[in-house]
Structures are given as C-alpha cells and as structure tokens.
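Colleague: File follows, coords22.cif with mmCIF, C-alpha atoms and all ligand atoms:
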data_input
#
loop_
_atom_site.group_PDB
_atom_site.id
_atom_site.type_symbol
_atom_site.label_atom_id
_atom_site.label_comp_id
_atom_site.auth_asym_id
_atom_site.auth_seq_id
_atom_site.Cartn_x
_atom_site.Cartn_y
_atom_site.Cartn_z
ATOM 1 C CA ALA A 250 2.116 31.811 -32.291
ATOM 2 C CA GLN A 251 -1.051 29.893 -31.364
ATOM 3 C CA LEU A 252 0.245 26.747 -33.030
ATOM 4 C CA ASN A 253 3.499 27.030 -31.100
ATOM 5 C CA ASP A 254 1.577 27.539 -27.846
ATOM 6 C CA MET A 255 -0.427 24.388 -28.549
ATOM 7 C CA LYS A 256 2.727 22.451 -29.344
ATOM 8 C CA GLN A 257 4.313 23.620 -26.115
ATOM 9 C CA LEU A 258 1.196 22.749 -24.111
ATOM 10 C CA ARG A 259 1.130 19.278 -25.619
ATOM 11 C CA GLU A 260 4.776 18.713 -24.734
ATOM 12 C CA GLU A 261 4.179 19.950 -21.204
ATOM 13 C CA PHE A 262 1.183 17.631 -20.827
ATOM 14 C CA THR A 263 3.141 14.642 -22.166
ATOM 15 C CA ARG A 264 5.931 15.324 -19.658
ATOM 16 C CA PHE A 265 3.366 15.821 -16.872
ATOM 17 C CA MET A 266 1.725 12.422 -17.538
ATOM 18 C CA MET A 267 5.061 10.682 -18.164
ATOM 19 C CA LEU A 268 6.225 11.445 -14.624
ATOM 20 C CA TYR A 269 3.119 9.759 -13.187
ATOM 21 C CA LYS A 270 3.726 6.727 -15.399
ATOM 22 C CA PHE A 271 7.275 6.539 -13.996
ATOM 23 C CA GLY A 272 5.867 6.925 -10.470
ATOM 24 C CA ILE A 273 3.683 3.879 -11.119
ATOM 25 C CA ASP A 274 6.706 2.009 -12.501
ATOM 26 C CA GLU A 275 8.703 2.786 -9.331
ATOM 27 C CA VAL A 276 5.964 1.544 -7.004
ATOM 28 C CA THR A 277 5.103 -1.562 -9.035
ATOM 29 C CA THR A 278 8.796 -2.485 -9.212
ATOM 30 C CA LYS A 279 9.018 -2.258 -5.419
ATOM 31 C CA LEU A 280 5.926 -4.426 -5.090
ATOM 32 C CA SER A 281 7.055 -6.976 -7.692
ATOM 33 C CA ILE A 282 10.335 -7.341 -5.801
ATOM 34 C CA LEU A 283 8.460 -7.975 -2.525
ATOM 35 C CA GLN A 284 6.126 -10.390 -4.318
ATOM 36 C CA GLU A 285 9.001 -12.380 -5.824
ATOM 37 C CA GLU A 286 11.024 -12.350 -2.606
ATOM 38 C CA PHE A 287 8.035 -13.646 -0.676
ATOM 39 C CA SER A 288 7.363 -16.484 -3.100
ATOM 40 C CA LEU A 289 11.014 -17.538 -3.205
ATOM 41 C CA VAL A 290 12.034 -17.094 0.426
ATOM 42 C CA HIS A 291 8.911 -17.317 2.556
ATOM 43 C CA ASP A 292 6.922 -19.894 0.635
ATOM 44 C CA TYR A 293 3.914 -17.592 0.965
ATOM 45 C CA ASN A 294 2.885 -14.462 -0.918
ATOM 46 C CA PRO A 295 0.666 -11.777 0.658
ATOM 47 C CA ILE A 296 0.108 -10.059 -2.719
ATOM 48 C CA GLU A 297 -2.520 -11.758 -4.889
ATOM 49 C CA HIS A 298 -2.299 -9.314 -7.764
ATOM 50 C CA LEU A 299 -1.301 -5.825 -8.801
ATOM 51 C CA THR A 300 -2.983 -3.439 -11.199
ATOM 52 C CA SER A 301 -2.247 0.150 -12.072
ATOM 53 C CA ARG A 302 -3.825 2.964 -14.023
ATOM 54 C CA LEU A 303 -3.145 6.503 -15.118
ATOM 55 C CA LYS A 304 -6.133 8.794 -14.689
ATOM 56 C CA THR A 305 -7.562 9.810 -18.064
ATOM 57 C CA PRO A 306 -7.337 13.502 -19.058
ATOM 58 C CA GLU A 307 -11.191 13.657 -18.908
ATOM 59 C CA SER A 308 -11.195 12.312 -15.371
ATOM 60 C CA ILE A 309 -8.429 14.748 -14.329
ATOM 61 C CA ILE A 310 -10.425 17.685 -15.751
ATOM 62 C CA HIS A 311 -13.529 16.436 -13.940
ATOM 63 C CA LYS A 312 -11.683 16.395 -10.610
ATOM 64 C CA VAL A 313 -10.107 19.809 -11.272
ATOM 65 C CA LYS A 314 -13.630 21.213 -11.758
ATOM 66 C CA ARG A 315 -14.998 19.418 -8.678
ATOM 67 C CA LYS A 316 -12.155 20.713 -6.525
ATOM 68 C CA GLN A 317 -12.391 24.134 -8.167
ATOM 69 C CA CYS A 318 -8.642 24.232 -8.469
ATOM 70 C CA ASN A 319 -6.653 26.419 -10.796
ATOM 71 C CA PRO A 320 -6.172 24.566 -14.131
ATOM 72 C CA SER A 321 -2.387 25.014 -14.104
ATOM 73 C CA PHE A 322 -0.032 22.016 -14.025
ATOM 74 C CA ASP A 323 1.324 23.076 -10.636
ATOM 75 C CA SER A 324 -2.039 23.295 -8.911
ATOM 76 C CA ILE A 325 -3.299 20.077 -10.549
ATOM 77 C CA ARG A 326 -0.146 18.370 -9.262
ATOM 78 C CA ALA A 327 -0.833 19.666 -5.757
ATOM 79 C CA SER A 328 -4.545 18.907 -5.559
ATOM 80 C CA VAL A 329 -5.220 15.848 -7.736
ATOM 81 C CA MET A 330 -3.238 13.224 -5.927
ATOM 82 C CA ASP A 331 -4.576 10.102 -7.641
ATOM 83 C CA ILE A 332 -3.380 10.665 -11.209
ATOM 84 C CA ALA A 333 -1.112 7.643 -10.742
ATOM 85 C CA GLY A 334 -2.900 4.735 -9.089
ATOM 86 C CA VAL A 335 -1.707 1.297 -8.000
ATOM 87 C CA ARG A 336 -4.095 -1.306 -6.624
ATOM 88 C CA ILE A 337 -2.842 -4.220 -4.559
ATOM 89 C CA THR A 338 -5.117 -7.166 -3.881
ATOM 90 C CA CYS A 339 -4.317 -9.421 -0.934
ATOM 91 C CA SER A 340 -5.889 -12.653 0.313
ATOM 92 C CA PHE A 341 -6.301 -11.625 3.947
ATOM 93 C CA VAL A 342 -6.998 -8.399 5.865
ATOM 94 C CA SER A 343 -3.812 -8.835 7.935
ATOM 95 C CA ASP A 344 -1.848 -8.955 4.665
ATOM 96 C CA THR A 345 -3.171 -5.544 3.588
ATOM 97 C CA TYR A 346 -1.544 -3.935 6.646
ATOM 98 C CA ARG A 347 1.564 -6.069 6.246
ATOM 99 C CA VAL A 348 2.037 -4.917 2.645
ATOM 100 C CA PHE A 349 1.292 -1.310 3.673
ATOM 101 C CA ASP A 350 4.001 -1.461 6.370
ATOM 102 C CA MET A 351 6.542 -3.069 4.047
ATOM 103 C CA LEU A 352 5.986 -0.448 1.373
ATOM 104 C CA THR A 353 5.723 2.666 3.544
ATOM 105 C CA GLY A 354 8.710 1.539 5.627
ATOM 106 C CA GLN A 355 10.996 1.942 2.613
ATOM 107 C CA GLN A 356 13.497 4.780 2.955
ATOM 108 C CA ASP A 357 12.746 6.636 -0.259
ATOM 109 C CA ILE A 358 8.970 6.691 0.211
ATOM 110 C CA ARG A 359 7.196 9.592 1.891
ATOM 111 C CA VAL A 360 3.685 8.959 3.168
ATOM 112 C CA VAL A 361 1.609 12.027 2.352
ATOM 113 C CA GLU A 362 -1.811 10.813 3.491
ATOM 114 C CA VAL A 363 -3.494 7.639 4.701
ATOM 115 C CA LYS A 364 -7.233 6.896 4.574
ATOM 116 C CA ASP A 365 -8.092 3.657 6.297
ATOM 117 C CA TYR A 366 -11.489 2.652 4.950
ATOM 118 C CA ILE A 367 -10.898 -0.877 6.288
ATOM 119 C CA LYS A 368 -11.041 0.325 9.870
ATOM 120 C CA ASN A 369 -13.546 3.054 9.011
ATOM 121 C CA PRO A 370 -15.635 1.847 6.044
ATOM 122 C CA LYS A 371 -17.608 4.353 3.960
ATOM 123 C CA PRO A 372 -21.378 4.454 4.714
ATOM 124 C CA ASN A 373 -22.065 2.474 1.492
ATOM 125 C CA GLY A 374 -19.844 -0.366 2.760
ATOM 126 C CA TYR A 375 -16.691 0.488 0.773
ATOM 127 C CA LYS A 376 -13.512 -0.883 2.339
ATOM 128 C CA SER A 377 -9.913 -0.370 1.268
ATOM 129 C CA LEU A 378 -6.682 1.012 2.673
ATOM 130 C CA HIS A 379 -5.647 4.131 0.743
ATOM 131 C CA ALA A 380 -2.317 5.900 0.880
ATOM 132 C CA ILE A 381 -0.849 8.755 -1.090
ATOM 133 C CA LEU A 382 2.865 8.103 -1.441
ATOM 134 C CA GLU A 383 5.551 10.368 -2.785
ATOM 135 C CA VAL A 384 8.275 8.507 -4.668
ATOM 136 C CA PRO A 385 11.448 9.889 -6.251
ATOM 137 C CA VAL A 386 11.720 9.545 -10.029
ATOM 138 C CA PHE A 387 15.242 9.966 -11.386
ATOM 139 C CA MET A 388 15.209 11.922 -14.650
ATOM 140 C CA SER A 389 18.124 13.117 -16.790
ATOM 141 C CA THR A 390 17.725 16.589 -15.276
ATOM 142 C CA GLY A 391 17.464 15.480 -11.669
ATOM 143 C CA VAL A 392 15.120 13.857 -9.222
ATOM 144 C CA VAL A 393 11.379 14.611 -9.304
ATOM 145 C CA PRO A 394 9.070 13.638 -6.421
ATOM 146 C CA VAL A 395 5.861 12.061 -7.765
ATOM 147 C CA MET A 396 2.593 11.278 -5.941
ATOM 148 C CA VAL A 397 1.114 7.812 -6.363
ATOM 149 C CA GLU A 398 -2.164 6.675 -4.823
ATOM 150 C CA VAL A 399 -2.007 3.126 -3.524
ATOM 151 C CA GLN A 400 -5.171 1.183 -2.727
ATOM 152 C CA ILE A 401 -4.731 -2.033 -0.759
ATOM 153 C CA ARG A 402 -7.677 -4.391 -0.264
ATOM 154 C CA THR A 403 -8.643 -8.035 -0.003
ATOM 155 C CA VAL A 404 -10.045 -10.102 -2.875
ATOM 156 C CA ALA A 405 -13.505 -9.896 -1.247
ATOM 157 C CA MET A 406 -13.295 -6.073 -0.865
ATOM 158 C CA ASP A 407 -12.125 -5.814 -4.468
ATOM 159 C CA PHE A 408 -14.973 -7.975 -5.758
ATOM 160 C CA TRP A 409 -17.476 -5.755 -3.952
ATOM 161 C CA ALA A 410 -15.841 -2.470 -5.035
ATOM 162 C CA SER A 411 -15.682 -3.428 -8.733
ATOM 163 C CA LEU A 412 -19.371 -4.250 -8.866
ATOM 164 C CA GLU A 413 -20.350 -1.182 -6.834
ATOM 165 C CA HIS A 414 -18.237 1.017 -9.135
ATOM 166 C CA LYS A 415 -20.013 -0.415 -12.205
ATOM 167 C CA ILE A 416 -23.464 0.026 -10.649
ATOM 168 C CA TYR A 417 -22.618 3.575 -9.525
ATOM 169 C CA TYR A 418 -21.749 4.636 -13.064
ATOM 170 C CA LYS A 419 -24.546 2.592 -14.737
ATOM 171 C CA TYR A 420 -27.073 4.597 -12.710
ATOM 172 C CA ASN A 421 -25.171 7.820 -13.315
ATOM 173 C CA LYS A 422 -24.235 8.159 -9.613
ATOM 174 C CA ASP A 423 -27.889 7.936 -8.513
ATOM 175 C CA VAL A 424 -28.279 4.329 -7.381
ATOM 176 C CA PRO A 425 -31.848 3.262 -6.411
ATOM 177 C CA ALA A 426 -32.329 2.809 -2.647
ATOM 178 C CA ASN A 427 -33.029 -0.943 -2.874
ATOM 179 C CA LEU A 428 -29.722 -1.521 -4.679
ATOM 180 C CA VAL A 429 -27.874 0.651 -2.150
ATOM 181 C CA GLY A 430 -29.352 -1.551 0.602
ATOM 182 C CA GLU A 431 -28.416 -4.764 -1.168
ATOM 183 C CA LEU A 432 -24.899 -3.516 -1.790
ATOM 184 C CA ARG A 433 -24.598 -2.627 1.909
ATOM 185 C CA ALA A 434 -25.700 -6.167 2.807
ATOM 186 C CA ALA A 435 -23.262 -7.636 0.258
ATOM 187 C CA ALA A 436 -20.458 -5.607 1.886
ATOM 188 C CA ASP A 437 -21.345 -7.220 5.237
ATOM 189 C CA THR A 438 -21.241 -10.652 3.588
ATOM 190 C CA ALA A 439 -17.827 -9.854 2.083
ATOM 191 C CA ASN A 440 -16.667 -8.760 5.532
ATOM 192 C CA GLN A 441 -17.896 -12.023 7.062
ATOM 193 C CA LEU A 442 -16.018 -13.958 4.382
ATOM 194 C CA ASP A 443 -12.830 -12.015 5.178
ATOM 195 C CA LEU A 444 -13.200 -12.782 8.888
ATOM 196 C CA THR A 445 -13.779 -16.505 8.249
ATOM 197 C CA MET A 446 -10.883 -16.784 5.797
ATOM 198 C CA GLU A 447 -8.524 -15.006 8.207
ATOM 199 C CA ARG A 448 -9.547 -17.348 11.035
ATOM 200 C CA LEU A 449 -9.032 -20.443 8.861
ATOM 201 C CA HIS A 450 -5.686 -19.090 7.705
ATOM 202 C CA ASP A 451 -4.590 -18.560 11.339
ATOM 203 C CA GLU A 452 -5.690 -22.068 12.250
ATOM 204 C CA VAL A 453 -3.665 -23.599 9.407
ATOM 205 C CA LYS A 454 -0.632 -21.487 10.395
ATOM 206 C CA LYS A 455 -0.886 -22.690 14.005
ATOM 207 C CA PHE A 456 -1.210 -26.279 12.809
ATOM 208 C CA GLU A 457 1.865 -25.903 10.588
ATOM 209 C CA GLN A 458 3.886 -24.424 13.468
ATOM 210 C CA SER A 459 2.862 -27.152 15.904
ATOM 211 C CA SER A 460 3.548 -29.979 13.488
ATOM 212 C CA VAL A 461 7.016 -28.968 12.404
ATOM 213 C CA VAL A 462 8.761 -32.288 12.208
ATOM 214 C CA VAL A 463 12.351 -32.272 13.380
ATOM 215 C CA PRO A 464 14.134 -34.482 10.896
ATOM 216 C CA THR A 465 15.629 -37.573 12.526
ATOM 217 C CA THR A 466 18.101 -39.873 10.912
ATOM 218 C CA THR A 467 17.010 -43.412 10.688
ATOM 219 C CA ARG A 468 19.564 -46.158 10.423
ATOM 220 C CA ALA A 469 18.894 -49.277 8.566
ATOM 221 C CA THR A 470 19.637 -52.250 10.695
HETATM 222 P P1 LIG B 1 -11.407 5.872 -10.227
HETATM 223 O O1 LIG B 1 -12.214 5.585 -11.445
HETATM 224 O O2 LIG B 1 -11.112 4.631 -9.440
HETATM 225 O O3 LIG B 1 -10.209 6.710 -10.482
HETATM 226 P P2 LIG B 1 -9.655 13.194 -2.677
HETATM 227 O O4 LIG B 1 -8.921 12.546 -3.838
HETATM 228 O O5 LIG B 1 -8.935 13.062 -1.377
HETATM 229 O O6 LIG B 1 -10.098 14.556 -2.990
HETATM 230 P P3 LIG B 1 -11.586 11.160 -3.032
HETATM 231 O O7 LIG B 1 -11.438 11.112 -4.512
HETATM 232 O O8 LIG B 1 -12.983 11.008 -2.504
HETATM 233 O O9 LIG B 1 -11.030 12.491 -2.477
HETATM 234 O O10 LIG B 1 -10.591 10.123 -2.379
HETATM 235 P P4 LIG B 1 -10.838 8.700 -1.793
HETATM 236 O O11 LIG B 1 -11.987 8.671 -0.857
HETATM 237 O O12 LIG B 1 -9.504 8.281 -1.253
HETATM 238 O O13 LIG B 1 -11.244 7.812 -3.057
HETATM 239 C C1 LIG B 1 -10.463 7.733 -4.200
HETATM 240 C C2 LIG B 1 -10.679 6.438 -4.962
HETATM 241 O O14 LIG B 1 -11.071 5.373 -4.078
HETATM 242 C C3 LIG B 1 -11.765 6.475 -6.010
HETATM 243 O O15 LIG B 1 -11.256 7.008 -7.182
HETATM 244 C C4 LIG B 1 -12.122 4.988 -6.144
HETATM 245 O O16 LIG B 1 -11.150 4.293 -6.903
HETATM 246 C C5 LIG B 1 -12.026 4.516 -4.705
HETATM 247 N N1 LIG B 1 -13.303 4.682 -4.001
HETATM 248 C C6 LIG B 1 -13.582 5.573 -3.025
HETATM 249 N N2 LIG B 1 -14.824 5.426 -2.593
HETATM 250 C C7 LIG B 1 -15.365 4.402 -3.283
HETATM 251 C C8 LIG B 1 -16.646 3.761 -3.258
HETATM 252 O O17 LIG B 1 -17.559 4.120 -2.516
HETATM 253 N N3 LIG B 1 -16.824 2.728 -4.130
HETATM 254 C C9 LIG B 1 -15.855 2.301 -4.977
HETATM 255 N N4 LIG B 1 -16.134 1.268 -5.785
HETATM 256 N N5 LIG B 1 -14.636 2.892 -5.024
HETATM 257 C C10 LIG B 1 -14.395 3.925 -4.190
HETATM 258 P P5 LIG B 1 -12.183 7.747 -8.234
HETATM 259 O O18 LIG B 1 -11.419 8.890 -8.755
HETATM 260 O O19 LIG B 1 -13.522 8.031 -7.655
HETATM 261 O O20 LIG B 1 -12.427 6.713 -9.340
#
Could you write out this structure as structure tokens?

Modeller:
Amino acid sequence: AQLNDMKQLREEFTRFMMLYKFGIDEVTTKLSILQEEFSLVHDYNPIEHLTSRLKTPESIIHKVKRKQCNPSFDSIRASVMDIAGVRITCSFVSDTYRVFDMLTGQQDIRVVEVKDYIKNPKPNGYKSLHAILEVPVFMSTGVVPVMVEVQIRTVAMDFWASLEHKIYYKYNKDVPANLVGELRAAADTANQLDLTMERLHDEVKKFEQSSVVVPTTTRAT
C-alpha cells in the first residue's frame, strides 16, 4: 500500500508541476508574439529578453515552511504564487509599464496581485515590477487556471538584481554592512543610468518625429 501511495503522490506532483510549466508556456507565447509583432510592425522592440523558471521542489518546500502553510497541493497552490516565474527585461523604464499594460490588458489574463518595486523600491535598492497573473491552461479534461509570477525590469535593474541575489546567497542571507551600503549606492547608479537612457531615447524619438521626410518626386529634366 505504501508503494502505491508513493506512486500516486509522484503522479500528483508531476501533474502539479506540469500545470505550472504550461502556465509559463502560455505567458511566454503571448510575450513572444508581442515581441515578434513589435519587431516586424513597429520597427522597435520593448522586450530585450525573456527568461523563465520553475521553482525547484526544495525552494517550494522552503517557502511552505516560511509561510507555515499546510503541505497539501491545494494550500501550496493558494499560497506559493511564484512556482511559475517569467522574467522580462526591457531597455527602458517606460517599456516595463508598456509591456505590463499590453500583457495584463489581454482578455484571458486575470491580475491577482501587483507589486510595483519600481515606484516603491525595496530598502536595499531592489527595483522590478511584479505581477501575479492567472492564465487559463486548456487540458484534455478542461480548463485549469494557473498562477504565473511575472517580473518586469530594465537591463540595469536586472544587472543589479542578479549580482545582489548572488551576494545574498554567498553570505547566506547575512550580507556585511559595507556591501549592503555599496549595493545601495550601485542601485542609485543603475537608477541614474535608467534616467539618462530614457532621456536620450526620448530625444532620439523626438528627432525622428521632427525629421520625417515627406517623399517628393523629382523629375529629371
Ligand atoms: P527566486 O530564486 O528568484 O525564486 P510572497 O511571495 O508575496 O510571499 P515574496 O517572496 O517576498 O513574498 O515576494 P516578492 O517580494 O514579490 O519577491 C519575489 C521574488 O522577487 C524573489 O523570489 C526574487 O526573485 C525577487 N526579489 C524580491 N526581492 C528581491 C531582492 O531584494 N533582491 C533580488 N535580487 N531579488 C528580489 P525568491 O523566491 O526570493 O527567489
């Protein structure tokens, strides 16, 4: 009986994780379509790159313990909302909101929660626009709503966050004060870079708009 229980649990876990993988597939397909449409039609692409990850079983268990939630599939589903994660990197801050609006404006997406760490950065300097989205996944037995966490940030925010993440885990979540201070300062530098790049981008856009040449036909005499 124990062996059968284990077999059943394994099947249930595989199905549980599979749905999140499909959730990621749904969201990345939507984003790839936007990305391709933008490059073909608008001659400009607000999405620099896309990455995705499924939370590891160890990391899920860790969060279940931290949140003190019941270790049943149903309560994990309800309280661990970042099992499926998609990260979108944009060139400019304005693009992060543009991509957010384009994605969340889609009919079949339900926005469950938004955390705007771009407007309200974390005390350590972390910036990113987070949203928990619920997307429908169409299975043979019917439609299943799946939660996907989307993180949208600029290249500069991403550069900062990847290094901070590495440092945080290297020091086992107890980063020395001097490094915390330097990271804070680096976040300000990244922010300055974002502001400058956005301003330059706006200037080039204005220049392009003002110098649109109306084609004239010239006649050889
Ligand atoms: P990993 O390895 O990326 O999966 P909640 O889920 O609402 O209970 P939580 O987890 O604090 O609470 O949610 P929040 O604040 O939205 O952050 C979730 C994710 O954002 C993290 O996932 C990180 O990916 C990223 N993040 C948040 N704060 C920081 C930060 O200070 N530095 C960096 N580098 N990333 C951050 P995980 O599960 O922590 O990690």

Colleague: Do a neighbour search on segment 381-393 of chain A at 10 Å with all atoms listed in the file, toss out local chain neighbours closer than 3 positions, and write the hits as a CSV table (one decimal) with C-alpha atoms, in the coordinates of the input.

Modeller:
chain,number,residue,atom,x,y,z
A,268,LEU,CA,6.2,11.4,-14.6
A,269,TYR,CA,3.1,9.8,-13.2
A,271,PHE,CA,7.3,6.5,-14.0
A,272,GLY,CA,5.9,6.9,-10.5
A,273,ILE,CA,3.7,3.9,-11.1
A,274,ASP,CA,6.7,2.0,-12.5
A,275,GLU,CA,8.7,2.8,-9.3
A,276,VAL,CA,6.0,1.5,-7.0
A,330,MET,CA,-3.2,13.2,-5.9
A,331,ASP,CA,-4.6,10.1,-7.6
A,333,ALA,CA,-1.1,7.6,-10.7
A,334,GLY,CA,-2.9,4.7,-9.1
A,352,LEU,CA,6.0,-0.4,1.4
A,353,THR,CA,5.7,2.7,3.5
A,356,GLN,CA,13.5,4.8,3.0
A,357,ASP,CA,12.7,6.6,-0.3
A,358,ILE,CA,9.0,6.7,0.2
A,359,ARG,CA,7.2,9.6,1.9
A,360,VAL,CA,3.7,9.0,3.2
A,361,VAL,CA,1.6,12.0,2.4
A,362,GLU,CA,-1.8,10.8,3.5
A,363,VAL,CA,-3.5,7.6,4.7
A,364,LYS,CA,-7.2,6.9,4.6
A,396,MET,CA,2.6,11.3,-5.9
A,397,VAL,CA,1.1,7.8,-6.4
A,398,GLU,CA,-2.2,6.7,-4.8
A,399,VAL,CA,-2.0,3.1,-3.5
A,400,GLN,CA,-5.2,1.2,-2.7

Colleague: Which protein, DNA or RNA residues are at most 12 Å from (-14.8, -10.0, -6.7) in the file's coordinates when you count only C-alpha atoms, listed as a list in words?

Modeller: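 Checked against the point, the hits come out as Thr338, Cys339, Ser340, Arg402, Thr403, Val404, Ala405, Met406, Asp407, Phe408, Trp409, Ala410, Ser411, Leu412, Glu413, His414, Ala435, Ala436, Ala439 and Leu442 of chain A.
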
Colleague: Take the residues from that selection and put them in a file with C-alpha atoms, as a short mmCIF file (atom, residue, chain, number, x, y, z; two decimals), in the coordinates of the input.

Modeller:
data_model
loop_
_atom_site.label_atom_id
_atom_site.label_comp_id
_atom_site.auth_asym_id
_atom_site.auth_seq_id
_atom_site.Cartn_x
_atom_site.Cartn_y
_atom_site.Cartn_z
CA THR A 338 -5.12 -7.17 -3.88
CA CYS A 339 -4.32 -9.42 -0.93
CA SER A 340 -5.89 -12.65 0.31
CA ARG A 402 -7.68 -4.39 -0.26
CA THR A 403 -8.64 -8.04 0.00
CA VAL A 404 -10.04 -10.10 -2.88
CA ALA A 405 -13.50 -9.90 -1.25
CA MET A 406 -13.30 -6.07 -0.86
CA ASP A 407 -12.12 -5.81 -4.47
CA PHE A 408 -14.97 -7.98 -5.76
CA TRP A 409 -17.48 -5.76 -3.95
CA ALA A 410 -15.84 -2.47 -5.04
CA SER A 411 -15.68 -3.43 -8.73
CA LEU A 412 -19.37 -4.25 -8.87
CA GLU A 413 -20.35 -1.18 -6.83
CA HIS A 414 -18.24 1.02 -9.14
CA ALA A 435 -23.26 -7.64 0.26
CA ALA A 436 -20.46 -5.61 1.89
CA ALA A 439 -17.83 -9.85 2.08
CA LEU A 442 -16.02 -13.96 4.38
#

Colleague: Atom C5 of ligand LIG 1 (chain B) to atom CA of Asn294 of chain A: how many Å, to one decimal?

Modeller: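 Computed distance, atom C5 of ligand LIG 1 (chain B) to atom CA of Asn294 of chain A, equals 24.4 Å.
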
Colleague: I want to know what sits within 9 Å of Lys368 of chain A, based on only C-alpha atoms, with residues of the same chain fewer than 3 positions away left out; could you give that as a list in words?

Modeller: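 What passes the distance filter is Asp365, Lys376, Ser377 and Leu378 of chain A.
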
Colleague: Put the listed atoms of segment 401-404 of chain A in a box along x, y and z with 4 Å added on every side and give me the centre and edge lengths in Å to one decimal, as AutoDock Vina command-line options.

Modeller:
--center_x -7.4 --center_y -6.1 --center_z -1.4 --size_x 13.3 --size_y 16.1 --size_z 10.9

Colleague: Which is closest to Ile282 of chain A among A:Leu449, A:Ile310, A:Met351, A:Ile325, if we use only C-alpha atoms?

Modeller: A:Met351

Colleague: Once the PyMOL selection byres (((chain A and resi 306) around 12) and not hetatm) has been applied to the shown file, what residues remain in the selection, as an NGL selection string?

Modeller: :A and (262-263 or 265-266 or 303-305 or 307-313 or 325 or 329 or 332-333)

Colleague: What does the distance from atom CA of Val395 of chain A to atom CA of Arg326 of chain A come to in Å, to one decimal?

Modeller: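 Straight-line distance from atom CA of Val395 of chain A to atom CA of Arg326 of chain A works out to 8.8 Å.
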
Colleague: Can you tell me how far atom CA of Lys270 of chain A sits from atom CA of Val335 of chain A, in Å to one decimal?

Modeller: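 A separation of 10.7 Å between them.
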
Colleague: Give me the residues near Ser328 of chain A as a list of chain:residue names, where near means some atom within 9 Å (using all atoms listed in the file) and where sequence neighbours in that chain fewer than 4 positions away do not count.

Modeller: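 After dropping sequence-adjacent residues, the list is A:Val313, A:Lys316, A:Cys318, A:Asp323, A:Ser324.
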
Colleague: Restricting the calculation to all atoms listed in the file: of A:Tyr375, A:Phe322, A:Tyr346, A:Phe456, which residue gets closest to Val429 of chain A?

Modeller: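 Selected residue with least distance to Val429 of chain A: A:Tyr375.
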